[in-house]
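K.L.:
This is the content of run_11.txt (compact mmCIF, C-alpha atoms):
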# COMPACT_ATOMS: atom_id res chain seq x y z
CA MET A 139 158.02 204.37 130.72
CA PRO A 140 154.96 205.11 128.53
CA PRO A 141 155.02 203.88 124.93
CA LYS A 142 156.21 206.31 122.28
CA ASP A 143 153.69 207.50 119.71
CA ASN A 144 155.38 205.62 116.89
CA VAL A 145 155.66 202.33 118.81
CA GLU A 146 152.82 199.85 118.39
CA VAL A 147 151.68 198.31 121.67
CA PRO A 148 150.72 194.64 121.23
CA ALA A 149 147.04 193.92 121.75
CA SER A 150 145.91 191.73 124.61
CA PRO A 151 145.05 188.12 123.70
CA LEU A 152 141.34 188.85 124.22
CA ALA A 153 141.51 191.89 121.96
CA SER A 154 143.24 189.80 119.31
CA GLN A 155 140.57 187.12 119.58
CA ALA A 156 137.83 189.74 119.34
CA ALA A 157 139.50 191.05 116.18
CA LEU A 158 139.46 187.52 114.74
CA ASP A 159 135.74 187.23 115.44
CA GLU A 160 135.17 190.64 113.87
CA GLN A 161 137.09 189.77 110.72
CA HIS A 162 136.04 186.17 110.24
CA VAL A 163 132.49 186.22 111.56
CA ARG A 164 130.83 189.62 111.44
CA ARG A 165 132.37 190.79 108.17
CA VAL A 166 131.71 187.46 106.47
CA TYR A 167 128.06 187.33 107.57
CA ASP A 168 127.52 190.95 106.57
CA ALA A 169 128.88 190.08 103.11
CA ILE A 170 126.82 186.88 102.63
CA ALA A 171 123.68 187.77 104.60
CA TRP A 172 121.15 187.58 101.76
CA GLN A 173 122.58 184.38 100.30
CA TRP A 174 122.69 182.83 103.79
CA HIS A 175 119.09 183.91 104.42
CA GLY A 176 118.02 182.12 101.26
CA THR A 177 119.34 178.82 102.64
CA ARG A 178 118.45 179.25 106.33
CA TYR A 179 114.76 180.02 106.36
CA LYS A 180 113.39 177.29 108.62
CA ALA A 181 114.03 176.68 112.33
CA TRP A 182 115.40 173.30 113.37
CA PRO A 183 112.66 170.95 114.66
CA ARG A 184 114.29 170.38 118.09
CA VAL A 185 114.60 174.13 118.59
CA VAL A 186 110.94 174.62 117.66
CA GLU A 187 110.08 171.88 120.17
CA PHE A 188 112.02 173.80 122.86
CA VAL A 189 110.26 177.05 121.93
CA ARG A 190 106.85 175.36 122.10
CA SER A 191 107.67 174.03 125.57
CA LEU A 192 107.98 177.57 126.99
CA PRO A 193 105.06 179.09 128.92
CA HIS A 194 102.76 181.35 126.91
CA GLY A 195 103.81 185.00 127.25
CA SER A 196 107.48 184.25 127.96
CA LEU A 197 110.05 186.83 126.93
CA VAL A 198 112.72 185.11 124.85
CA GLY A 199 116.15 186.50 124.03
CA ASP A 200 117.37 185.11 120.72
CA LEU A 201 121.07 185.83 121.20
CA GLY A 202 122.76 185.50 117.83
CA CYS A 203 119.41 185.55 116.04
CA GLY A 204 120.86 185.62 112.53
CA ASN A 205 118.03 186.22 110.09
CA GLY A 206 115.35 185.73 112.75
CA LYS A 207 114.17 182.34 111.54
CA LEU A 208 112.97 181.49 115.08
CA ALA A 209 110.63 184.49 115.24
CA PRO A 210 107.66 182.71 113.60
CA ALA A 211 107.89 179.74 116.01
CA CYS A 212 108.02 182.15 118.95
CA ALA A 213 105.05 184.16 117.69
CA GLU A 214 103.00 181.00 116.98
CA SER A 215 103.66 179.88 120.57
CA GLY A 216 102.52 183.19 122.07
CA LEU A 217 106.03 184.27 123.06
CA ALA A 218 107.64 187.67 122.75
CA ALA A 219 111.06 187.33 121.14
CA VAL A 220 113.82 189.91 121.03
CA GLY A 221 116.84 189.16 118.88
CA CYS A 222 120.35 190.43 118.55
CA ASP A 223 123.22 189.53 116.28
CA PHE A 224 126.77 190.65 115.54
CA SER A 225 125.89 191.07 111.84
CA SER A 226 124.02 194.26 110.99
CA GLU A 227 122.91 192.79 107.68
CA LEU A 228 121.36 189.72 109.34
CA VAL A 229 119.63 191.97 111.88
CA ARG A 230 118.25 194.01 108.99
CA ILE A 231 116.83 190.81 107.47
CA ALA A 232 115.42 189.65 110.82
CA ALA A 233 113.62 192.97 111.26
CA ARG A 234 112.36 193.35 107.68
CA GLU A 235 111.66 189.80 106.56
CA MET A 236 110.81 188.06 109.84
CA ARG A 237 109.33 191.12 111.59
CA MET A 238 111.50 190.44 114.61
CA GLU A 239 112.44 193.09 117.14
CA ALA A 240 116.21 192.88 116.68
CA LEU A 241 119.32 194.95 117.21
CA VAL A 242 123.02 194.75 116.47
CA ALA A 243 124.94 193.58 119.53
CA ASP A 244 127.88 191.45 120.57
CA CYS A 245 126.67 188.41 122.53
CA LEU A 246 129.68 188.80 124.82
CA ALA A 247 128.46 192.26 125.91
CA LEU A 248 124.67 192.16 125.70
CA PRO A 249 122.81 195.48 125.98
CA TYR A 250 120.10 194.01 128.22
CA ARG A 251 119.51 194.39 131.95
CA ASP A 252 120.27 191.52 134.30
CA ALA A 253 117.46 188.94 134.50
CA SER A 254 115.62 190.28 131.44
CA PHE A 255 114.49 187.04 129.79
CA ASP A 256 112.42 184.01 130.74
CA ALA A 257 114.33 182.01 128.15
CA ALA A 258 117.37 182.47 125.98
CA LEU A 259 118.31 180.92 122.67
CA SER A 260 121.77 180.94 121.21
CA ILE A 261 121.57 178.59 118.25
CA ALA A 262 124.75 177.89 116.23
CA VAL A 263 126.65 180.74 117.89
CA LEU A 264 129.22 179.15 120.18
CA HIS A 265 131.33 177.71 117.36
CA HIS A 266 131.82 181.23 115.96
CA ILE A 267 133.61 182.39 119.11
CA SER A 268 137.38 182.11 118.72
CA SER A 269 138.53 180.89 122.14
CA VAL A 270 137.45 178.88 125.13
CA GLU A 271 137.75 181.98 127.34
CA ARG A 272 135.44 183.97 125.06
CA ARG A 273 133.01 181.04 124.84
CA ARG A 274 132.80 180.99 128.62
CA ALA A 275 132.13 184.72 128.52
CA LEU A 276 129.26 184.09 126.08
CA VAL A 277 127.69 181.52 128.40
CA SER A 278 128.18 183.81 131.41
CA GLU A 279 126.60 186.75 129.60
CA THR A 280 123.66 184.57 128.53
CA MET A 281 123.11 183.51 132.14
CA ARG A 282 123.34 187.12 133.30
CA VAL A 283 120.34 188.16 131.20
CA LEU A 284 118.30 185.09 132.13
CA ARG A 285 115.79 185.37 135.00
CA ALA A 286 116.04 183.00 137.97
CA GLY A 287 114.34 179.77 136.91
CA GLY A 288 114.72 180.68 133.23
CA VAL A 289 115.93 178.24 130.61
CA ALA A 290 118.49 178.50 127.87
Please lay out the structure from this file as structure tokens.
P.N.:
Amino acid sequence: MPPKDNVEVPASPLASQAALDEQHVRRVYDAIAWQWHGTRYKAWPRVVEFVRSLPHGSLVGDLGCGNGKLAPACAESGLAAVGCDFSSELVRIAAREMRMEALVADCLALPYRDASFDAALSIAVLHHISSVERRRALVSETMRVLRAGGVA
């Protein structure tokens, strides 16, 4: 029997977890984006070391790019970086302040073709995903957009 119009159908566990991520990650980062940007302006040294190890001309997907703080290290290393983040405000900062090609996207449903990137970065993203199942989906989606022989 189909549900009646006035009866609320419970959401699936994955939908509920996605709603948690929406409420407690995206909305929070949209609200604090400029303050966060003021404290997160420099890439971590080990990440810069990884970026510098990539072949010149590599296409890098910065998945969960935040404010784009890795864009300068990529540019200095002769890499083309494309970023995406769940937070539209952080993407706005990445594009304006860091001059990064960036778009708003969910890292669990990336808008890129299979095997698009030579390398993928996903720095400080995994801990924002609300369940083990969704974290696995993030890793799987990252691997989907990585070319054979690529590194993440």
K.L.:
I'd like to know which of A:Arg184, A:Arg272, A:Arg178, A:Lys207 is closest to A:Gln155, using all atoms listed in the file.
P.N.:
A:Arg272
K.L.:
Which residue out of A:Gly176, A:Gly287, A:Pro210, A:Pro183 has the minimum interatomic distance to A:Met238 when all atoms listed in the file are used?
P.N.:
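Distance minimum relative to A:Met238 lands on A:Pro210.
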K.L.:
The residues within 12 Å of (109.1, 179.5, 116.8), using all atoms listed in the file and the coordinates of the file, should be reported as a PDB file with C-alpha atoms, in the frame of the given file; which are they?
P.N.:
ATOM      1  CA  TYR A 179     114.760 180.020 106.360  1.00  0.00           C
ATOM      2  CA  LYS A 180     113.390 177.290 108.620  1.00  0.00           C
ATOM      3  CA  ALA A 181     114.030 176.680 112.330  1.00  0.00           C
ATOM      4  CA  TRP A 182     115.400 173.300 113.370  1.00  0.00           C
ATOM      5  CA  PRO A 183     112.660 170.950 114.660  1.00  0.00           C
ATOM      6  CA  ARG A 184     114.290 170.380 118.090  1.00  0.00           C
ATOM      7  CA  VAL A 185     114.600 174.130 118.590  1.00  0.00           C
ATOM      8  CA  VAL A 186     110.940 174.620 117.660  1.00  0.00           C
ATOM      9  CA  GLU A 187     110.080 171.880 120.170  1.00  0.00           C
ATOM     10  CA  PHE A 188     112.020 173.800 122.860  1.00  0.00           C
ATOM     11  CA  VAL A 189     110.260 177.050 121.930  1.00  0.00           C
ATOM     12  CA  ARG A 190     106.850 175.360 122.100  1.00  0.00           C
ATOM     13  CA  SER A 191     107.670 174.030 125.570  1.00  0.00           C
ATOM     14  CA  LEU A 192     107.980 177.570 126.990  1.00  0.00           C
ATOM     15  CA  VAL A 198     112.720 185.110 124.850  1.00  0.00           C
ATOM     16  CA  ASP A 200     117.370 185.110 120.720  1.00  0.00           C
ATOM     17  CA  CYS A 203     119.410 185.550 116.040  1.00  0.00           C
ATOM     18  CA  GLY A 206     115.350 185.730 112.750  1.00  0.00           C
ATOM     19  CA  LYS A 207     114.170 182.340 111.540  1.00  0.00           C
ATOM     20  CA  LEU A 208     112.970 181.490 115.080  1.00  0.00           C
ATOM     21  CA  ALA A 209     110.630 184.490 115.240  1.00  0.00           C
ATOM     22  CA  PRO A 210     107.660 182.710 113.600  1.00  0.00           C
ATOM     23  CA  ALA A 211     107.890 179.740 116.010  1.00  0.00           C
ATOM     24  CA  CYS A 212     108.020 182.150 118.950  1.00  0.00           C
ATOM     25  CA  ALA A 213     105.050 184.160 117.690  1.00  0.00           C
ATOM     26  CA  GLU A 214     103.000 181.000 116.980  1.00  0.00           C
ATOM     27  CA  SER A 215     103.660 179.880 120.570  1.00  0.00           C
ATOM     28  CA  GLY A 216     102.520 183.190 122.070  1.00  0.00           C
ATOM     29  CA  LEU A 217     106.030 184.270 123.060  1.00  0.00           C
ATOM     30  CA  ALA A 218     107.640 187.670 122.750  1.00  0.00           C
ATOM     31  CA  ALA A 219     111.060 187.330 121.140  1.00  0.00           C
ATOM     32  CA  MET A 236     110.810 188.060 109.840  1.00  0.00           C
ATOM     33  CA  MET A 238     111.500 190.440 114.610  1.00  0.00           C
ATOM     34  CA  LEU A 259     118.310 180.920 122.670  1.00  0.00           C
TER      35      LEU A 259
END
K.L.:
Give me the residues near A:Arg164 as a ChimeraX atom specification, where near means some atom within 12 Å (using all atoms listed in the file) and where sequence neighbours in that chain fewer than 4 positions away do not count.
P.N.:
/A:156-160,168-171,202,204,223-229,242-245,263,266-267
K.L.:
Which residue, A:Arg234, A:Ala286, A:Asn205, A:Glu271, has the smallest gap to A:Trp174 when you use only C-alpha atoms?
P.N.:
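Nearest candidate to A:Trp174 out of A:Arg234, A:Ala286, A:Asn205, A:Glu271: A:Asn205.
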K.L.:
Report, in Å with one decimal, the straight-line distance from atom CA of A:Ala247 to atom CA of A:Leu276.
P.N.:
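So the two atoms, atom CA of A:Ala247 and atom CA of A:Leu276, lie 8.2 Å apart.
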K.L.:
First collect every listed atom of stretch 273-279 of chain A; then fit an axis-aligned box around them, widen it by 4 Å on each side, and give centre and edge lengths in Å to one decimal, as AutoDock Vina command-line options.
P.N.:
--center_x 129.8 --center_y 183.9 --center_z 128.1 --size_x 14.4 --size_y 13.8 --size_z 14.6
K.L.:
Could you tell me which of A:Ile231, A:Arg274, A:His265, A:Ser196 comes closest to A:Trp172 if we count all atoms listed in the file?
P.N.:
A:Ile231
K.L.:
Calculate how many Å separate atom CA of A:Gly199 from atom CA of A:Phe255, rounding to one decimal.
P.N.:
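Straight-line distance from atom CA of A:Gly199 to atom CA of A:Phe255 works out to 6.0 Å.
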K.L.:
Record the distance separating atom CA of A:Val220 and atom CA of A:Val270, expressed in Å with one decimal.
P.N.:
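Separation of atom CA of A:Val220 and atom CA of A:Val270: 26.4 Å.
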K.L.:
When you count all atoms listed in the file, which of these residues is closest to A:Ile261: A:Leu284, A:Leu241, A:Leu248, A:Gly221?
P.N.:
A:Gly221
K.L.:
Missing atoms in stretch 210-221 of chain A need filling: write out all heavy atoms for it as a PDB file, in the coordinates of the input.
P.N.:
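Done, and the output landed in out_22.pdb:
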ATOM      1  N   PRO A 210     109.002 183.265 113.825  1.00  0.00           N
ATOM      2  CA  PRO A 210     107.660 182.710 113.600  1.00  0.00           C
ATOM      3  C   PRO A 210     107.269 181.656 114.635  1.00  0.00           C
ATOM      4  O   PRO A 210     106.139 181.658 115.120  1.00  0.00           O
ATOM      5  CB  PRO A 210     107.757 182.097 112.194  1.00  0.00           C
ATOM      6  CG  PRO A 210     108.843 182.876 111.527  1.00  0.00           C
ATOM      7  CD  PRO A 210     109.839 183.158 112.616  1.00  0.00           C
ATOM      8  N   ALA A 211     108.193 180.769 115.005  1.00  0.00           N
ATOM      9  CA  ALA A 211     107.890 179.740 116.010  1.00  0.00           C
ATOM     10  C   ALA A 211     107.566 180.384 117.351  1.00  0.00           C
ATOM     11  O   ALA A 211     106.656 179.938 118.058  1.00  0.00           O
ATOM     12  CB  ALA A 211     109.053 178.768 116.142  1.00  0.00           C
ATOM     13  N   CYS A 212     108.292 181.433 117.695  1.00  0.00           N
ATOM     14  CA  CYS A 212     108.020 182.150 118.950  1.00  0.00           C
ATOM     15  C   CYS A 212     106.640 182.796 118.901  1.00  0.00           C
ATOM     16  O   CYS A 212     105.846 182.659 119.846  1.00  0.00           O
ATOM     17  CB  CYS A 212     109.102 183.195 119.221  1.00  0.00           C
ATOM     18  SG  CYS A 212     110.705 182.491 119.678  1.00  0.00           S
ATOM     19  N   ALA A 213     106.342 183.486 117.821  1.00  0.00           N
ATOM     20  CA  ALA A 213     105.050 184.160 117.690  1.00  0.00           C
ATOM     21  C   ALA A 213     103.898 183.155 117.723  1.00  0.00           C
ATOM     22  O   ALA A 213     102.893 183.377 118.407  1.00  0.00           O
ATOM     23  CB  ALA A 213     105.010 184.972 116.400  1.00  0.00           C
ATOM     24  N   GLU A 214     104.047 182.036 117.016  1.00  0.00           N
ATOM     25  CA  GLU A 214     103.000 181.000 116.980  1.00  0.00           C
ATOM     26  C   GLU A 214     102.761 180.407 118.364  1.00  0.00           C
ATOM     27  O   GLU A 214     101.666 179.922 118.646  1.00  0.00           O
ATOM     28  CB  GLU A 214     103.378 179.897 115.994  1.00  0.00           C
ATOM     29  CG  GLU A 214     103.332 180.329 114.552  1.00  0.00           C
ATOM     30  CD  GLU A 214     104.046 179.361 113.614  1.00  0.00           C
ATOM     31  OE1 GLU A 214     104.431 178.242 114.039  1.00  0.00           O
ATOM     32  OE2 GLU A 214     104.228 179.734 112.439  1.00  0.00           O
ATOM     33  N   SER A 215     103.770 180.436 119.222  1.00  0.00           N
ATOM     34  CA  SER A 215     103.660 179.880 120.570  1.00  0.00           C
ATOM     35  C   SER A 215     103.256 180.919 121.611  1.00  0.00           C
ATOM     36  O   SER A 215     103.254 180.643 122.805  1.00  0.00           O
ATOM     37  CB  SER A 215     104.994 179.245 120.978  1.00  0.00           C
ATOM     38  OG  SER A 215     105.289 178.161 120.128  1.00  0.00           O
ATOM     39  N   GLY A 216     102.948 182.129 121.152  1.00  0.00           N
ATOM     40  CA  GLY A 216     102.520 183.190 122.070  1.00  0.00           C
ATOM     41  C   GLY A 216     103.644 183.750 122.907  1.00  0.00           C
ATOM     42  O   GLY A 216     103.427 184.205 124.033  1.00  0.00           O
ATOM     43  N   LEU A 217     104.852 183.755 122.363  1.00  0.00           N
ATOM     44  CA  LEU A 217     106.030 184.270 123.060  1.00  0.00           C
ATOM     45  C   LEU A 217     106.433 185.605 122.447  1.00  0.00           C
ATOM     46  O   LEU A 217     106.217 185.846 121.270  1.00  0.00           O
ATOM     47  CB  LEU A 217     107.193 183.282 122.930  1.00  0.00           C
ATOM     48  CG  LEU A 217     106.904 181.820 123.261  1.00  0.00           C
ATOM     49  CD1 LEU A 217     108.114 180.957 122.959  1.00  0.00           C
ATOM     50  CD2 LEU A 217     106.482 181.666 124.710  1.00  0.00           C
ATOM     51  N   ALA A 218     107.056 186.425 123.249  1.00  0.00           N
ATOM     52  CA  ALA A 218     107.640 187.670 122.750  1.00  0.00           C
ATOM     53  C   ALA A 218     109.131 187.413 122.592  1.00  0.00           C
ATOM     54  O   ALA A 218     109.800 187.029 123.554  1.00  0.00           O
ATOM     55  CB  ALA A 218     107.395 188.808 123.729  1.00  0.00           C
ATOM     56  N   ALA A 219     109.640 187.577 121.398  1.00  0.00           N
ATOM     57  CA  ALA A 219     111.060 187.330 121.140  1.00  0.00           C
ATOM     58  C   ALA A 219     111.763 188.619 120.774  1.00  0.00           C
ATOM     59  O   ALA A 219     111.252 189.430 120.004  1.00  0.00           O
ATOM     60  CB  ALA A 219     111.223 186.311 120.011  1.00  0.00           C
ATOM     61  N   VAL A 220     112.946 188.789 121.343  1.00  0.00           N
ATOM     62  CA  VAL A 220     113.820 189.910 121.030  1.00  0.00           C
ATOM     63  C   VAL A 220     115.129 189.310 120.570  1.00  0.00           C
ATOM     64  O   VAL A 220     115.690 188.442 121.240  1.00  0.00           O
ATOM     65  CB  VAL A 220     114.061 190.785 122.292  1.00  0.00           C
ATOM     66  CG1 VAL A 220     115.057 191.884 122.001  1.00  0.00           C
ATOM     67  CG2 VAL A 220     112.751 191.352 122.803  1.00  0.00           C
ATOM     68  N   GLY A 221     115.606 189.731 119.417  1.00  0.00           N
ATOM     69  CA  GLY A 221     116.840 189.160 118.880  1.00  0.00           C
ATOM     70  C   GLY A 221     117.971 190.157 118.822  1.00  0.00           C
ATOM     71  O   GLY A 221     117.759 191.365 118.801  1.00  0.00           O
TER      72      GLY A 221
END
